[in-house]
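As stored in final_24.txt (compact mmCIF, C-alpha atoms):
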# COMPACT_ATOMS: atom_id res chain seq x y z
CA MET A 1117 0.00 0.00 0.00
CA ARG A 1118 2.91 2.33 0.74
CA ALA A 1119 4.18 1.90 -2.82
CA LYS A 1120 0.78 2.86 -4.26
CA ILE A 1121 0.60 5.97 -2.12
CA THR A 1122 4.16 6.95 -3.04
CA TYR A 1123 3.47 6.41 -6.72
CA THR A 1124 0.24 8.43 -6.57
CA VAL A 1125 1.87 11.33 -4.72
CA THR A 1126 4.85 11.34 -7.08
CA ALA A 1127 2.58 11.25 -10.12
CA ALA A 1128 0.48 14.12 -8.74
CA VAL A 1129 3.59 16.22 -8.08
CA LEU A 1130 4.79 15.51 -11.61
CA VAL A 1131 1.45 16.53 -13.10
CA VAL A 1132 1.57 19.83 -11.18
CA TYR A 1133 5.12 20.34 -12.42
CA PHE A 1134 4.08 19.59 -16.01
CA VAL A 1135 1.24 22.12 -15.76
CA LEU A 1136 3.54 24.80 -14.36
CA VAL A 1137 6.24 24.22 -16.96
CA GLY A 1138 3.63 24.02 -19.74
CA SER A 1139 2.09 27.32 -18.66
CA ARG A 1140 5.52 28.96 -18.77
CA GLY A 1141 6.04 27.58 -22.24
CA LEU A 1142 2.72 29.01 -23.38
CA LEU A 1143 3.59 32.41 -21.86
CA LEU A 1144 6.85 32.39 -23.80
CA ILE A 1145 5.01 31.58 -27.03
CA GLN A 1146 2.42 34.30 -26.37
CA ASN A 1147 5.23 36.84 -26.01
CA GLY A 1148 5.57 36.51 -29.78
CA THR A 1149 9.23 37.18 -30.47
CA PRO A 1150 11.10 34.55 -32.46
CA VAL A 1151 13.41 33.75 -29.54
CA THR A 1152 10.64 33.40 -26.95
CA VAL A 1153 8.52 31.32 -29.33
CA ALA A 1154 11.47 28.98 -29.92
CA PHE A 1155 12.10 28.72 -26.17
CA GLY A 1156 8.39 28.25 -25.52
CA VAL A 1157 8.19 25.33 -27.94
CA ALA A 1158 11.33 23.81 -26.42
CA VAL A 1159 9.88 24.19 -22.93
CA LEU A 1160 6.61 22.51 -24.01
CA ILE A 1161 8.49 19.47 -25.30
CA LEU A 1162 9.71 18.53 -21.81
CA PRO A 1163 6.27 18.20 -20.18
CA ALA A 1164 5.00 16.37 -23.27
CA ILE A 1165 7.75 13.77 -22.89
CA GLY A 1166 7.10 13.62 -19.15
CA VAL A 1167 3.36 13.08 -19.59
CA TRP A 1168 4.02 10.31 -22.12
CA PHE A 1169 6.55 8.65 -19.80
CA LEU A 1170 4.21 8.90 -16.80
CA TRP A 1171 1.30 7.49 -18.85
CA LYS A 1172 3.35 4.50 -20.11
CA ASN A 1173 4.60 3.71 -16.60
CA THR A 1174 1.12 3.99 -15.13
CA GLN A 1175 -0.22 1.60 -17.79
CA PHE A 1176 2.61 -0.82 -17.03
CA VAL A 1177 1.88 -0.74 -13.29
CA HIS A 1178 -1.85 -1.30 -13.80
CA LYS A 1179 -1.27 -4.22 -16.17
CA ALA A 1180 1.29 -5.81 -13.84
CA ASN A 1181 -1.09 -5.42 -10.89
CA ARG A 1182 -3.88 -7.07 -12.90
CA LEU A 1183 -1.61 -10.03 -13.62
CA ALA A 1184 -0.67 -10.23 -9.94
CA ALA A 1185 -4.34 -10.22 -8.92
CA GLN A 1186 -5.17 -12.97 -11.41
CA LEU A 1187 -2.19 -15.05 -10.37
CA ASP A 1188 -3.15 -14.56 -6.71
CA ALA A 1189 -6.71 -15.70 -7.45
CA GLU A 1190 -5.28 -18.81 -9.10
CA GLY A 1191 -2.96 -19.44 -6.15
CA GLY A 1192 0.11 -19.05 -8.35
CA LEU A 1193 1.87 -16.07 -6.82
CA PRO A 1194 5.46 -16.89 -5.90
CA VAL A 1195 5.94 -17.59 -2.21
CA ASP A 1196 8.52 -15.43 -0.44
CA GLU A 1197 11.10 -18.06 0.42
CA LEU A 1198 14.09 -15.74 0.48
CA ARG A 1199 16.50 -15.55 3.38
CA ARG A 1200 17.11 -12.08 4.71
CA THR A 1201 19.95 -10.37 6.49
CA PRO A 1202 19.40 -9.11 10.06
CA SER A 1203 18.66 -5.67 8.57
CA GLY A 1204 15.89 -7.16 6.41
CA ARG A 1205 17.64 -7.05 3.04
CA ILE A 1206 17.33 -10.04 0.73
CA ASP A 1207 20.30 -12.40 0.88
CA ARG A 1208 21.94 -12.35 -2.55
CA ASP A 1209 22.71 -16.10 -2.64
CA SER A 1210 19.13 -16.88 -1.70
CA ALA A 1211 17.84 -14.63 -4.49
CA ASP A 1212 20.19 -16.33 -6.95
CA GLU A 1213 18.91 -19.78 -5.95
CA VAL A 1214 15.28 -18.77 -6.44
CA PHE A 1215 16.18 -17.02 -9.69
CA ALA A 1216 17.76 -20.22 -11.07
CA ARG A 1217 14.55 -22.15 -10.37
CA ARG A 1218 12.36 -19.45 -11.93
CA LYS A 1219 14.57 -19.28 -15.00
CA ALA A 1220 14.36 -23.06 -15.47
CA GLU A 1221 10.57 -22.88 -15.05
CA THR A 1222 10.37 -20.18 -17.72
CA GLU A 1223 12.65 -22.07 -20.11
CA ALA A 1224 10.37 -25.11 -19.71
CA ALA A 1225 7.24 -23.03 -20.49
CA PRO A 1226 8.35 -20.02 -22.57
CA ASP A 1227 4.80 -19.16 -23.69
CA ASP A 1228 3.29 -19.11 -20.18
CA TRP A 1229 2.81 -15.60 -18.86
CA ARG A 1230 2.69 -16.95 -15.31
CA SER A 1231 6.27 -18.22 -15.47
CA TRP A 1232 7.42 -14.89 -16.93
CA PHE A 1233 5.65 -13.05 -14.10
CA ARG A 1234 7.42 -15.18 -11.50
CA LEU A 1235 10.73 -14.70 -13.34
CA ALA A 1236 10.18 -10.93 -13.23
CA VAL A 1237 9.73 -11.15 -9.45
CA ALA A 1238 12.92 -13.20 -9.19
CA TYR A 1239 14.83 -10.65 -11.27
CA HIS A 1240 13.51 -7.90 -9.00
CA ASP A 1241 14.57 -9.81 -5.89
CA ALA A 1242 18.02 -10.27 -7.43
CA ARG A 1243 18.16 -6.46 -7.88
CA ASP A 1244 18.15 -6.63 -11.68
CA THR A 1245 15.43 -4.07 -12.36
CA PRO A 1246 15.91 -3.69 -16.15
CA ARG A 1247 15.53 -7.44 -16.71
CA ALA A 1248 12.65 -7.58 -14.23
CA ARG A 1249 10.83 -4.95 -16.27
CA LYS A 1250 11.49 -6.75 -19.56
CA ALA A 1251 10.29 -10.05 -18.12
CA MET A 1252 7.13 -8.37 -16.80
CA GLN A 1253 6.55 -6.71 -20.19
CA ARG A 1254 6.83 -10.15 -21.79
CA ALA A 1255 4.35 -11.59 -19.26
CA ILE A 1256 1.92 -8.76 -20.07
CA SER A 1257 2.32 -9.31 -23.81
CA LEU A 1258 1.74 -13.04 -23.49
CA HIS A 1259 -1.30 -12.47 -21.25
CA GLU A 1260 -2.77 -10.05 -23.80
CA GLY A 1261 -2.17 -12.58 -26.58
CA ARG A 1262 0.34 -10.41 -28.44
CA THR A 1263 3.14 -12.04 -30.40
CA VAL A 1264 6.41 -11.91 -28.53
CA GLY A 1265 9.79 -12.07 -30.28
CA ALA A 1266 12.66 -14.13 -28.92
How would this structure read if it were set down as structure tokens?
Amino acid sequence: MRAKITYTVTAAVLVVYFVLVGSRGLLLIQNGTPVTVAFGVAVLILPAIGVWFLWKNTQFVHKANRLAAQLDAEGGLPVDELRRTPSGRIDRDSADEVFARRKAETEAAPDDWRSWFRLAVAYHDARDTPRARKAMQRAISLHEGRTVGA
């Protein structure tokens, strides 16, 4: 729940920032001189990219949460079997062991979105966020019935 609140607050702050920056860009354009118009257009590009990025990430989060809910309903969510340090951090060797099992499971069923979801969780636990995201994107694509390249 804390992650959802943090994401929502961060997204709201970003939207406010985009509105403020966008309004400044429009003011520059309204000034009408060639230099201010050029700056105004340049300033408007940044919030446009930010809005697109925020939208794509929000879609990704919603789709991943839908998969998690479905997997939970099926009883297929991965069980947290990781050892932790006294401070609560995940033990790296433990994460590597679980990752090896998840990878083998995914190699055995490469077209099953469930195995890709569990692999994404294992990548995340192993602190490999870029691969976790790619594995989750593949799980989402397979769940939606889209063709996935190798």
Report the closest atom pair, with its distance in Å rounded to one decimal, for each residue of region 1128-1204 of chain A that has an atom no farther than 12 Å from region 1246-1254 of chain A; count only C-alpha atoms, sort by chain and then rising residue number, and write it as JSON lines.
{"residue": "A:Lys1172", "atom": "CA", "partner": "A:Gln1253", "partner_atom": "CA", "distance": 11.7}
{"residue": "A:Asn1173", "atom": "CA", "partner": "A:Arg1249", "partner_atom": "CA", "distance": 10.7}
{"residue": "A:Gln1175", "atom": "CA", "partner": "A:Gln1253", "partner_atom": "CA", "distance": 11.0}
{"residue": "A:Phe1176", "atom": "CA", "partner": "A:Gln1253", "partner_atom": "CA", "distance": 7.8}
{"residue": "A:Val1177", "atom": "CA", "partner": "A:Met1252", "partner_atom": "CA", "distance": 9.9}
{"residue": "A:His1178", "atom": "CA", "partner": "A:Met1252", "partner_atom": "CA", "distance": 11.8}
{"residue": "A:Lys1179", "atom": "CA", "partner": "A:Gln1253", "partner_atom": "CA", "distance": 9.1}
{"residue": "A:Ala1180", "atom": "CA", "partner": "A:Met1252", "partner_atom": "CA", "distance": 7.0}
{"residue": "A:Asn1181", "atom": "CA", "partner": "A:Met1252", "partner_atom": "CA", "distance": 10.5}
{"residue": "A:Arg1182", "atom": "CA", "partner": "A:Met1252", "partner_atom": "CA", "distance": 11.8}
{"residue": "A:Leu1183", "atom": "CA", "partner": "A:Met1252", "partner_atom": "CA", "distance": 9.4}
{"residue": "A:Ala1184", "atom": "CA", "partner": "A:Met1252", "partner_atom": "CA", "distance": 10.6}
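Straight-line separation from CA of Glu1260 (chain A) to CA of Ala1119 (chain A): 25.1 Å.
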*asked:* Show me, as a PyMOL selection string, the residues that have an atom within 10 Å of Gly1166 (chain A) when counting all atoms listed in the file, minus same-chain residues fewer than 5 positions from it.
replied: chain A and resi 1130-1131+1133-1134+1161+1171-1172
_Sphere at (6.6, 24.8, -23.7), radius 12 Å, counting all atoms listed in the file: residues as a list in words_ = Phe1134, Val1135, Leu1136, Val1137, Gly1138, Ser1139, Arg1140, Gly1141, Leu1142, Leu1143, Leu1144, Ile1145, Gln1146, Thr1152, Val1153, Ala1154, Phe1155, Gly1156, Val1157, Ala1158, Val1159, Leu1160, Ile1161, Leu1162, Pro1163, Ala1164 and Ile1165 of chain A
Using only the atoms of region 1233-1246 of chain A listed in the file, plus 4 Å on each side, state the axis-aligned box centre and edge lengths in Å rounded to one decimal, as JSON.
{"center_x": 11.9, "center_y": -9.4, "center_z": -11.0, "size_x": 20.5, "size_y": 19.5, "size_z": 18.3}
_Please list as a PyMOL selection string every residue within 12 Å of Asp1228 (chain A), counting only C-alpha atoms and excluding residues in the same chain fewer than 6 positions away._
chain A and resi 1187+1221-1222+1234-1235+1251-1252+1254-1261+1264
*Could you check how far CA of Phe1233 (chain A) sits from CA of Arg1217 (chain A), in Å to one decimal?*
13.3 Å
*asked:* What does the structure give for the distance between CA of Glu1197 (chain A) and CA of Glu1213 (chain A), in Å to one decimal?
replied: 10.2 Å
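Look at Arg1200 (chain A): the protein and nucleic acid residues within 12 Å of it, using all atoms listed in the file and passing over chain neighbours fewer than 3 places away, are Asp1196, Glu1197, Ser1203, Gly1204, Arg1205, Ile1206, Asp1207, Arg1208, Asp1209, Ser1210, Ala1211 and Asp1241 of chain A.
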*For each of A:Ala1238, A:Val1129, A:Asp1227, A:Thr1124, take the minimum atom-to-atom distance to Val1195 (chain A), counting all atoms listed in the file, then give the residue where this is smallest.*
A:Ala1238
